[in-house]
file start29.txt (compact mmCIF, C-alpha atoms)
# COMPACT_ATOMS: atom_id res chain seq x y z
CA MET A 3 86.87 100.02 102.48
CA THR A 4 88.74 100.70 105.77
CA ARG A 5 85.75 102.55 107.19
CA LEU A 6 83.35 99.79 106.18
CA PHE A 7 85.55 97.16 107.80
CA GLY A 8 85.77 99.25 110.97
CA ASP A 9 81.99 99.61 111.08
CA ALA A 10 81.64 95.84 110.71
CA LEU A 11 83.93 95.25 113.67
CA ARG A 12 81.96 97.66 115.83
CA SER A 13 78.80 95.68 115.11
CA LEU A 14 80.26 92.55 116.72
CA PRO A 15 79.58 91.76 120.38
CA ALA A 16 82.11 93.49 122.64
CA ALA A 17 83.59 90.17 123.77
CA ALA A 18 84.58 89.32 120.20
CA TYR A 19 87.52 91.71 120.11
CA ALA A 20 90.01 93.16 122.58
CA LEU A 21 92.71 95.83 122.28
CA GLY A 22 91.77 96.41 118.66
CA THR A 23 92.35 92.81 117.54
CA LEU A 24 90.06 89.78 117.44
CA ALA A 25 90.44 87.72 120.61
CA ARG A 26 88.94 84.53 119.16
CA PRO A 27 87.50 83.09 115.96
CA PHE A 28 84.18 84.37 114.68
CA THR A 29 81.53 81.93 115.93
CA PRO A 30 77.91 81.08 115.03
CA GLU A 31 76.92 82.87 118.24
CA ASP A 32 78.65 86.02 116.99
CA LEU A 33 76.81 85.71 113.69
CA VAL A 34 73.42 85.43 115.42
CA GLN A 35 74.15 88.50 117.57
CA THR A 36 75.64 90.73 114.89
CA ASN A 37 73.81 93.99 114.24
CA ARG A 38 71.73 93.96 111.07
CA LEU A 39 70.05 96.58 108.96
CA SER A 40 66.28 96.11 108.68
CA GLY A 41 64.68 97.55 105.57
CA HIS A 42 66.00 100.48 103.58
CA VAL A 43 68.25 103.42 104.45
CA ALA A 44 66.45 106.78 104.17
CA VAL A 45 68.47 109.79 103.00
CA SER A 46 67.41 113.25 104.23
CA PRO A 47 66.34 115.85 101.61
CA SER A 48 69.63 117.74 101.95
CA GLY A 49 71.69 114.55 101.90
CA ALA A 50 73.31 115.47 105.23
CA SER A 51 71.85 112.59 107.27
CA ILE A 52 70.49 109.09 106.94
CA ALA A 53 68.01 107.13 109.02
CA TYR A 54 67.93 103.36 109.41
CA VAL A 55 66.58 100.58 111.60
CA GLN A 56 69.11 98.24 113.21
CA THR A 57 68.17 94.93 114.79
CA HIS A 58 70.13 92.82 117.24
CA TYR A 59 69.52 89.58 119.13
CA SER A 60 70.98 88.82 122.56
CA ILE A 61 71.43 85.14 123.36
CA GLU A 62 72.14 85.91 127.02
CA LYS A 63 69.05 88.05 127.55
CA LYS A 64 66.89 86.13 125.06
CA ARG A 65 65.64 89.41 123.63
CA GLN A 66 65.27 90.86 120.15
CA TYR A 67 66.21 94.54 119.90
CA SER A 68 65.12 97.02 117.23
CA GLN A 69 66.55 100.53 117.17
CA LEU A 70 65.98 103.53 114.88
CA PHE A 71 69.06 105.70 114.34
CA VAL A 72 69.70 109.05 112.70
CA GLN A 73 73.27 109.29 111.39
CA ALA A 74 75.03 112.53 110.39
CA LEU A 75 77.16 111.80 107.33
CA ASP A 76 79.76 114.51 108.04
CA ALA A 77 80.86 112.95 111.34
CA ARG A 78 84.41 111.57 111.42
CA ASP A 79 83.31 108.58 113.48
CA HIS A 80 79.89 107.08 112.79
CA LEU A 81 79.28 106.47 116.52
CA ASP A 82 79.81 110.17 117.28
CA GLY A 83 77.43 111.24 114.53
CA ARG A 84 74.44 109.05 115.28
CA VAL A 85 71.57 109.31 117.75
CA MET A 86 68.98 106.71 118.73
CA VAL A 87 65.43 107.89 118.05
CA ALA A 88 63.50 104.75 119.00
CA ASP A 89 64.59 101.72 121.03
CA PHE A 90 62.41 98.62 121.31
CA SER A 91 63.00 95.12 122.65
CA LYS A 92 60.87 92.05 123.17
CA ASP A 93 61.32 88.68 124.79
CA SER A 94 62.04 86.09 122.11
CA ARG A 95 60.89 83.08 124.12
CA PRO A 96 57.64 81.40 122.95
CA ASN A 97 56.05 81.81 126.41
CA PRO A 98 57.84 84.63 128.23
CA PRO A 99 57.07 85.26 131.91
CA LEU A 100 54.69 88.13 132.54
CA SER A 101 57.40 89.87 134.55
CA GLU A 102 59.53 90.09 131.43
CA SER A 103 57.30 92.65 129.68
CA ALA A 104 59.08 95.52 127.95
CA ASP A 105 59.88 98.65 129.92
CA GLU A 106 57.60 101.39 128.62
CA THR A 107 58.58 104.12 131.06
CA ASP A 108 60.96 105.53 128.44
CA ALA A 109 59.01 107.00 125.48
CA LYS A 110 61.62 105.72 123.03
CA LYS A 111 61.01 102.12 124.09
CA ARG A 112 57.33 101.92 123.15
CA PHE A 113 57.87 101.93 119.40
CA GLU A 114 59.13 99.09 117.21
CA ALA A 115 60.06 101.43 114.39
CA SER A 116 60.18 100.49 110.72
CA GLN A 117 60.13 102.21 107.32
CA PRO A 118 61.89 105.50 108.16
CA VAL A 119 60.92 108.36 105.84
CA TRP A 120 62.16 111.95 105.94
CA LEU A 121 59.38 114.56 105.99
CA THR A 122 61.82 117.50 106.21
CA ASP A 123 65.51 117.79 107.11
CA GLU A 124 64.48 118.20 110.74
CA CYS A 125 61.48 115.87 110.81
CA LEU A 126 61.69 112.10 110.45
CA GLY A 127 58.71 109.80 110.12
CA PHE A 128 58.50 106.08 110.85
CA VAL A 129 55.89 103.33 111.14
CA ALA A 130 55.04 101.29 114.23
CA THR A 131 52.53 98.43 113.93
CA ASN A 132 50.51 97.15 116.89
CA ALA A 133 51.20 93.41 117.14
CA LYS A 134 47.68 92.67 118.48
CA THR A 135 45.40 94.95 116.48
CA ARG A 136 47.62 95.16 113.35
CA GLN A 137 46.94 98.88 113.22
CA ALA A 138 49.84 100.87 111.78
CA THR A 139 50.67 104.34 113.04
CA VAL A 140 52.97 106.83 111.34
CA TYR A 141 54.93 108.82 113.93
CA SER A 142 57.17 111.84 113.51
CA VAL A 143 60.15 113.08 115.52
CA HIS A 144 61.64 116.56 115.22
CA GLY A 145 65.18 117.67 115.86
CA SER A 146 68.76 117.85 114.68
CA GLY A 147 72.17 116.72 115.85
CA LYS A 148 71.89 114.86 119.16
CA HIS A 149 68.54 116.32 120.15
CA TRP A 150 65.28 114.78 118.92
CA SER A 151 61.75 115.05 120.27
CA LYS A 152 59.50 112.30 121.53
CA PRO A 153 57.49 110.54 118.78
CA GLN A 154 54.19 112.20 117.87
CA ALA A 155 51.42 110.33 116.05
CA VAL A 156 50.68 111.64 112.55
CA PHE A 157 47.93 109.22 111.56
CA THR A 158 46.82 105.65 112.24
CA SER A 159 45.79 103.12 109.61
CA PRO A 160 43.41 100.33 110.66
CA VAL A 161 45.42 97.89 108.50
CA PRO A 162 49.16 97.31 108.05
CA ILE A 163 50.94 99.57 105.53
CA SER A 164 54.22 99.33 103.66
CA ASP A 165 56.49 101.26 101.27
CA VAL A 166 55.77 104.60 102.95
CA GLN A 167 57.01 107.56 100.89
CA TYR A 168 56.62 111.33 101.11
CA SER A 169 56.85 114.16 98.59
CA PRO A 170 58.01 117.37 100.31
CA VAL A 171 56.98 119.35 97.21
CA SER A 172 53.30 118.36 97.27
CA GLY A 173 53.05 117.36 100.93
CA ILE A 174 51.61 113.99 99.91
CA LEU A 175 52.28 110.89 102.00
CA ALA A 176 51.82 107.67 100.01
CA PHE A 177 51.87 104.02 101.04
CA THR A 178 50.77 100.57 99.95
CA ALA A 179 48.06 98.66 101.83
CA GLY A 180 46.51 95.27 101.20
CA VAL A 181 42.78 95.81 100.58
CA TYR A 182 39.84 93.71 99.44
CA ASN A 183 38.60 94.28 95.89
CA GLY A 184 35.59 96.58 95.86
CA THR A 185 36.25 98.31 99.18
CA THR A 186 36.53 102.09 99.23
CA THR A 187 38.12 102.74 102.63
CA LEU A 188 40.76 101.08 104.79
CA LYS A 189 38.19 100.66 107.54
CA GLU A 190 36.09 98.43 105.26
CA THR A 191 39.10 96.16 104.82
CA ALA A 192 39.73 96.15 108.59
CA ASP A 193 36.10 95.17 109.21
CA LEU A 194 36.35 92.33 106.70
CA ASP A 195 39.55 91.18 108.41
CA LEU A 196 37.62 90.91 111.67
CA GLU A 197 34.95 88.84 109.95
CA GLU A 198 37.67 86.55 108.57
CA GLN A 199 39.03 86.03 112.08
CA GLU A 200 35.63 84.73 113.19
CA ARG A 201 35.67 81.92 110.64
CA ALA A 202 35.99 78.39 111.92
CA ASP A 203 38.06 77.29 108.92
CA MET A 204 40.86 78.56 106.68
CA ALA A 205 39.58 77.20 103.35
CA GLN A 206 39.97 79.34 100.24
CA VAL A 207 38.10 78.77 96.96
CA TYR A 208 39.90 79.63 93.71
CA ASP A 209 38.01 80.08 90.45
CA GLU A 210 41.10 80.59 88.25
CA LEU A 211 44.64 79.24 87.86
CA TRP A 212 46.29 82.21 89.60
CA VAL A 213 46.54 80.30 92.90
CA ARG A 214 50.16 80.75 93.93
CA HIS A 215 53.22 82.70 92.81
CA TRP A 216 56.40 80.85 93.75
CA ASP A 217 55.99 80.13 97.48
CA SER A 218 53.19 82.61 98.21
CA PHE A 219 49.51 81.77 97.88
CA VAL A 220 47.29 84.41 96.31
CA THR A 221 44.91 85.96 98.83
CA PRO A 222 41.74 88.01 98.29
CA LYS A 223 43.71 91.15 99.20
CA LEU A 224 45.35 93.40 96.61
CA ALA A 225 48.34 95.66 97.30
CA GLN A 226 47.12 99.10 96.25
CA ILE A 227 48.53 102.61 96.65
CA HIS A 228 46.92 105.16 98.97
CA VAL A 229 47.69 108.84 99.53
CA LEU A 230 46.84 111.54 102.03
CA GLN A 231 47.73 115.22 102.29
CA LEU A 232 49.80 116.35 105.28
CA ALA A 233 49.79 119.88 106.72
CA VAL A 234 51.11 121.62 109.83
CA ASP A 235 48.40 122.16 112.46
CA SER A 236 48.08 124.99 115.02
CA ASP A 237 50.48 123.19 117.37
CA GLY A 238 53.16 122.97 114.70
CA LEU A 239 52.67 119.22 114.18
CA LEU A 240 52.14 117.40 110.90
CA LYS A 241 48.61 116.05 110.59
CA PRO A 242 46.53 114.63 107.70
CA LYS A 243 44.06 116.96 105.97
CA ASN A 244 42.00 114.08 104.62
CA GLU A 245 41.42 110.34 104.96
CA PRO A 246 43.71 107.98 103.00
CA ARG A 247 42.44 107.52 99.44
CA ASN A 248 43.06 104.65 97.03
CA ILE A 249 44.39 106.14 93.77
CA ILE A 250 44.43 102.97 91.63
CA LYS A 251 41.25 101.08 92.60
CA ASP A 252 39.40 101.99 89.36
CA THR A 253 42.27 101.09 87.00
CA ALA A 254 40.75 97.79 85.86
CA GLY A 255 37.10 97.14 85.07
CA ASP A 256 36.79 94.55 87.82
CA GLY A 257 38.97 96.56 90.20
CA ARG A 258 41.71 93.93 90.18
CA VAL A 259 45.06 95.66 89.87
CA GLU A 260 47.90 94.98 92.29
CA ALA A 261 51.05 97.06 92.63
CA SER A 262 53.86 94.53 92.40
CA ASP A 263 56.89 96.78 92.73
CA SER A 264 57.90 99.85 94.69
CA PHE A 265 56.36 103.08 93.39
CA VAL A 266 58.01 106.47 92.75
CA PHE A 267 56.81 110.08 92.92
CA SER A 268 57.15 112.50 90.05
CA PRO A 269 59.36 115.53 90.88
CA ASP A 270 56.28 117.72 91.53
CA GLY A 271 54.71 115.05 93.72
CA ARG A 272 51.47 115.03 91.72
CA GLN A 273 51.93 111.67 89.97
CA ILE A 274 53.06 108.19 90.99
CA ALA A 275 54.56 105.53 88.74
CA PHE A 276 54.35 101.85 89.67
CA VAL A 277 54.37 98.37 88.16
CA ALA A 278 51.42 95.97 88.05
CA LYS A 279 50.60 92.79 86.17
CA ARG A 280 48.24 93.04 83.24
CA PRO A 281 44.65 92.45 84.41
CA GLY A 282 43.00 89.44 82.80
CA SER A 283 42.40 85.73 82.99
CA ASP A 284 45.96 84.81 81.92
CA TYR A 285 47.66 85.87 85.17
CA ALA A 286 48.96 82.38 85.77
CA TRP A 287 50.92 81.84 82.56
CA ARG A 288 51.93 85.34 81.45
CA THR A 289 54.54 87.53 83.13
CA THR A 290 53.35 90.67 81.34
CA SER A 291 53.29 93.71 83.59
CA TYR A 292 53.00 97.40 82.81
CA VAL A 293 54.40 100.65 84.14
CA TYR A 294 51.37 102.64 85.28
CA VAL A 295 51.11 106.35 86.07
CA ALA A 296 48.45 107.57 88.50
CA ASP A 297 47.48 111.10 89.52
CA VAL A 298 47.42 111.63 93.28
CA ASP A 299 44.01 113.28 92.84
CA GLY A 300 42.53 110.40 90.84
CA THR A 301 41.40 106.81 91.33
CA ALA A 302 42.71 105.15 88.16
CA ALA A 303 46.11 104.63 86.54
CA THR A 304 47.15 104.47 82.88
CA PRO A 305 49.87 102.16 81.47
CA ILE A 306 52.66 103.86 79.51
CA ASN A 307 53.70 100.61 77.79
CA PRO A 308 50.45 98.80 76.92
CA GLU A 309 52.19 96.94 74.08
CA GLY A 310 54.94 95.63 76.35
CA GLY A 311 55.70 91.93 76.13
CA GLY A 312 57.15 90.67 79.42
CA ALA A 313 57.69 91.96 82.93
CA SER A 314 58.36 95.64 83.60
CA SER A 315 60.32 97.08 86.54
CA SER A 316 62.19 100.05 88.05
CA PRO A 317 60.30 103.11 86.75
CA ALA A 318 62.16 106.41 87.35
CA PHE A 319 61.08 109.97 86.54
CA SER A 320 63.59 112.38 85.02
CA SER A 321 64.39 115.48 87.09
CA ASP A 322 61.99 117.65 85.06
CA GLY A 323 59.24 115.00 85.09
CA SER A 324 59.03 114.88 81.29
CA ARG A 325 60.31 111.31 80.86
CA ILE A 326 60.14 107.95 82.59
CA ALA A 327 62.92 105.40 82.28
CA TYR A 328 62.05 101.78 83.01
CA LEU A 329 63.13 98.20 82.39
CA GLN A 330 61.21 95.79 80.16
CA MET A 331 61.56 92.12 79.33
CA ALA A 332 60.54 90.99 75.86
CA ALA A 333 59.16 87.47 76.46
CA PRO A 334 55.72 87.35 78.12
CA THR A 335 56.20 83.86 79.58
CA TYR A 336 59.80 83.97 80.75
CA GLU A 337 60.67 85.52 84.14
CA ALA A 338 64.43 85.28 83.58
CA ASP A 339 64.52 87.22 80.32
CA ARG A 340 67.02 90.08 79.85
CA ASN A 341 65.89 93.50 81.03
CA GLN A 342 66.08 96.18 78.37
CA ILE A 343 66.19 99.93 79.05
CA LYS A 344 63.29 102.04 77.75
CA VAL A 345 62.64 105.79 78.01
CA PHE A 346 59.07 107.09 77.66
CA SER A 347 58.25 110.70 76.76
CA ILE A 348 55.18 111.92 78.66
CA GLU A 349 54.54 114.76 76.19
CA ASP A 350 54.42 112.86 72.89
CA LYS A 351 53.79 109.33 74.32
CA SER A 352 56.77 107.90 72.44
CA THR A 353 59.25 105.29 73.69
CA ILE A 354 62.88 104.79 72.71
CA ASP A 355 65.22 101.85 73.30
CA VAL A 356 68.48 102.63 75.11
CA ALA A 357 71.63 100.47 74.90
CA ALA A 358 69.70 97.82 73.02
CA ASP A 359 72.88 95.88 72.18
CA TRP A 360 74.11 95.70 75.78
CA ASP A 361 74.55 92.03 76.69
CA ARG A 362 73.87 92.51 80.41
CA SER A 363 70.56 92.64 82.25
CA PRO A 364 70.23 95.78 84.42
CA SER A 365 68.15 95.50 87.57
CA GLU A 366 67.58 99.12 88.63
CA LEU A 367 67.67 102.57 87.02
CA LEU A 368 68.34 106.08 88.30
CA TRP A 369 68.60 109.39 86.45
CA ALA A 370 71.98 111.17 86.81
CA GLY A 371 71.28 114.11 84.50
CA ASP A 372 69.08 115.07 81.57
CA SER A 373 70.66 112.51 79.26
CA THR A 374 72.37 110.05 81.59
CA LEU A 375 71.14 107.01 83.48
CA LEU A 376 72.82 104.94 86.17
CA ALA A 377 72.07 101.22 86.00
CA THR A 378 72.95 98.45 88.42
CA TYR A 379 73.68 95.02 86.94
CA THR A 380 75.36 91.71 87.70
CA ASP A 381 78.54 90.74 85.88
CA TYR A 382 80.05 87.31 86.58
CA GLY A 383 78.69 87.28 90.13
CA ARG A 384 79.64 90.87 90.95
CA ASN A 385 77.21 93.75 91.40
CA LYS A 386 78.28 96.69 89.25
CA LEU A 387 77.12 100.21 88.35
CA ALA A 388 77.03 101.42 84.75
CA LYS A 389 76.69 104.94 83.34
CA VAL A 390 74.42 104.95 80.30
CA ASP A 391 74.29 107.83 77.83
CA ILE A 392 70.77 108.03 76.38
CA ALA A 393 71.82 110.02 73.32
CA SER A 394 74.41 107.49 72.18
call {"tool": "encode", "arguments": {"input": "start29.txt", "output": "structure tokens"}}
result
Amino acid sequence: MTRLFGDALRSLPAAAYALGTLARPFTPEDLVQTNRLSGHVAVSPSGASIAYVQTHYSIEKKRQYSQLFVQALDARDHLDGRVMVADFSKDSRPNPPLSESADETDAKKRFEASQPVWLTDECLGFVATNAKTRQATVYSVHGSGKHWSKPQAVFTSPVPISDVQYSPVSGILAFTAGVYNGTTTLKETADLDLEEQERADMAQVYDELWVRHWDSFVTPKLAQIHVLQLAVDSDGLLKPKNEPRNIIKDTAGDGRVEASDSFVFSPDGRQIAFVAKRPGSDYAWRTTSYVYVADVDGTAATPINPEGGGASSSPAFSSDGSRIAYLQMAAPTYEADRNQIKVFSIEDKSTIDVAADWDRSPSELLWAGDSTLLATYTDYGRNKLAKVDIAS
């Protein structure tokens, strides 16, 4: 707790404290300028380092800053153990003067990094999206300690990508991209995006009730999972061996399946588990979703819980890849139902209920051994972690 509080103080503007004590009350201006984490924290394969994106706004300079850090976890002081890999800033004014363009003489300052992902213990990947073209490029930096290389492009997607993950076992890089139903390549989607930009209107025709989910309107695009194989080239750099390939596009007869939750790799990196709503005409009034498993070499996924009632979430492979734990709601029309823990056996296709009498609703699962799960849950407004024994 002491370390966390100290880190919080260091994130405040320098003028907010003096001689180790706060010089004045915490103000709205301090709140606006406090450092913030953007996205997830990526843990290196060995667990020795983490990578994260930190954002910061300066009222005085009217600039938004985004910085990618690598942090060694064995350092006594977090400032001594971290190094900045990418540093980007942009003018936050609606109409900035041309003279206020970002300084691109430093290689680190050309990349607004997001979605850090470890490729090896000494190679970190991240995504940078071009604000004008919307093309997304995965870059890699190599190094250790305080010394890291300049970013090198691994591959460029013609459309934005998200949820980038990598399996060091199989060498597969996977990500989610919004694509139009029926397209076979990302370039086809990019070409259709250009056609959409030429339209003189923004009208959208709906032929079913699935028009909007909460505050987001349904668009023609579907979030689908793509993979590509990475390999080291003659220059010692990671490069793709093939074009990105959609591994779930043929799951439904009409092609309409949309990954609605983060996906996970199997331990051998040859399969991916994800959650998607049940295809059909009852999208609008049923919350039913399945846990699907897709082979990285295929184009279709298979649900492991086709008889499930309500929404599914948080699939997690066991360490040997023989089982998948996941959460399942019972009611198909009730989004606030209690999550129940299920464990599916890949070999015999059977499913068991775990802690069925537990009166809390877990939100995320993680394997902590062959017969133990860790589950996060909320208890009277507090976030807690529970250890669940599958056998008992």
call {"tool": "closest_residue", "arguments": {"input": "start29.txt", "among": "A:Pro242, A:Gly271, A:Gly180, A:Pro153", "to": "A:Gln226", "atoms": "all atoms listed in the file"}}
result
A:Gly180
call {"tool": "residues_around", "arguments": {"input": "start29.txt", "residues": "A:Ser151", "least_positions_apart": "4", "cutoff": "12 Å", "atoms": "only C-alpha atoms", "output": "MDAnalysis selection string"}}
result
chainID A and resid 85:88 109:110 124:127 141:147 239
call {"tool": "residues_near_point", "arguments": {"input": "start29.txt", "point": "(51.6, 90.9, 81.9)", "cutoff": "10 Å", "atoms": "all atoms listed in the file", "output": "count of residues only"}}
result
24
call {"tool": "axis_aligned_box", "arguments": {"input": "start29.txt", "around": "stretch 39-44 of chain A", "padding_each_side": "3 Å", "output": "lines of an AutoDock Vina configuration file"}}
result
center_x = 67.4
center_y = 101.4
center_z = 106.3
size_x = 11.4
size_y = 16.7
size_z = 11.4
call {"tool": "atom_distance", "arguments": {"input": "start29.txt", "atom1": "atom CA of A:Phe157", "atom2": "atom CA of A:Val298"}}
result
18.4 Å
call {"tool": "residues_around", "arguments": {"input": "start29.txt", "residues": "A:Pro269", "least_positions_apart": "4", "cutoff": "10 Å", "atoms": "all atoms listed in the file", "output": "compact mmCIF listing (two decimals) with C-alpha atoms, in the coordinates of the input"}}
result
# COMPACT_ATOMS: atom_id res chain seq x y z
CA SER A 169 56.85 114.16 98.59
CA PRO A 170 58.01 117.37 100.31
CA VAL A 171 56.98 119.35 97.21
CA SER A 172 53.30 118.36 97.27
CA GLN A 273 51.93 111.67 89.97
CA ILE A 274 53.06 108.19 90.99
CA PHE A 319 61.08 109.97 86.54
CA SER A 320 63.59 112.38 85.02
CA SER A 321 64.39 115.48 87.09
CA ASP A 322 61.99 117.65 85.06
CA GLY A 323 59.24 115.00 85.09
CA SER A 324 59.03 114.88 81.29
call {"tool": "closest_residue", "arguments": {"input": "start29.txt", "among": "A:Ser48, A:Arg272, A:Arg136, A:Asp237", "to": "A:Gly300", "atoms": "only C-alpha atoms"}}
result
A:Arg272
call {"tool": "closest_residue", "arguments": {"input": "start29.txt", "among": "A:Gly184, A:Pro364, A:Gly173, A:Pro246", "to": "A:His228", "atoms": "only C-alpha atoms"}}
result
A:Pro246
call {"tool": "residues_around", "arguments": {"input": "start29.txt", "residues": "A:Trp369", "least_positions_apart": "6", "cutoff": "10 Å", "atoms": "all atoms listed in the file", "output": "list in words"}}
result
Ala318, Phe319, Ser320, Ser321, Ile326, Ala327, Leu375, Leu376, Ala377, Lys389 and Val390 of chain A
call {"tool": "atom_distance", "arguments": {"input": "start29.txt", "atom1": "atom CA of A:Val293", "atom2": "atom CA of A:Ser316"}}
result
8.7 Å
call {"tool": "atom_distance", "arguments": {"input": "start29.txt", "atom1": "atom CA of A:Gly383", "atom2": "atom CA of A:Ser363"}}
result
12.5 Å
call {"tool": "residues_around", "arguments": {"input": "start29.txt", "residues": "A:Ala176", "least_positions_apart": "5", "cutoff": "10 Å", "atoms": "only C-alpha atoms", "output": "list in words"}}
result
Ile163, Ser164, Asp165, Val166, Gln167, Tyr168, Ser169, Ile227, His228, Val229, Leu230, Gln231, Pro246, Arg247, Asn248, Ile249, Phe265, Val266, Phe267, Ile274 and Val298 of chain A
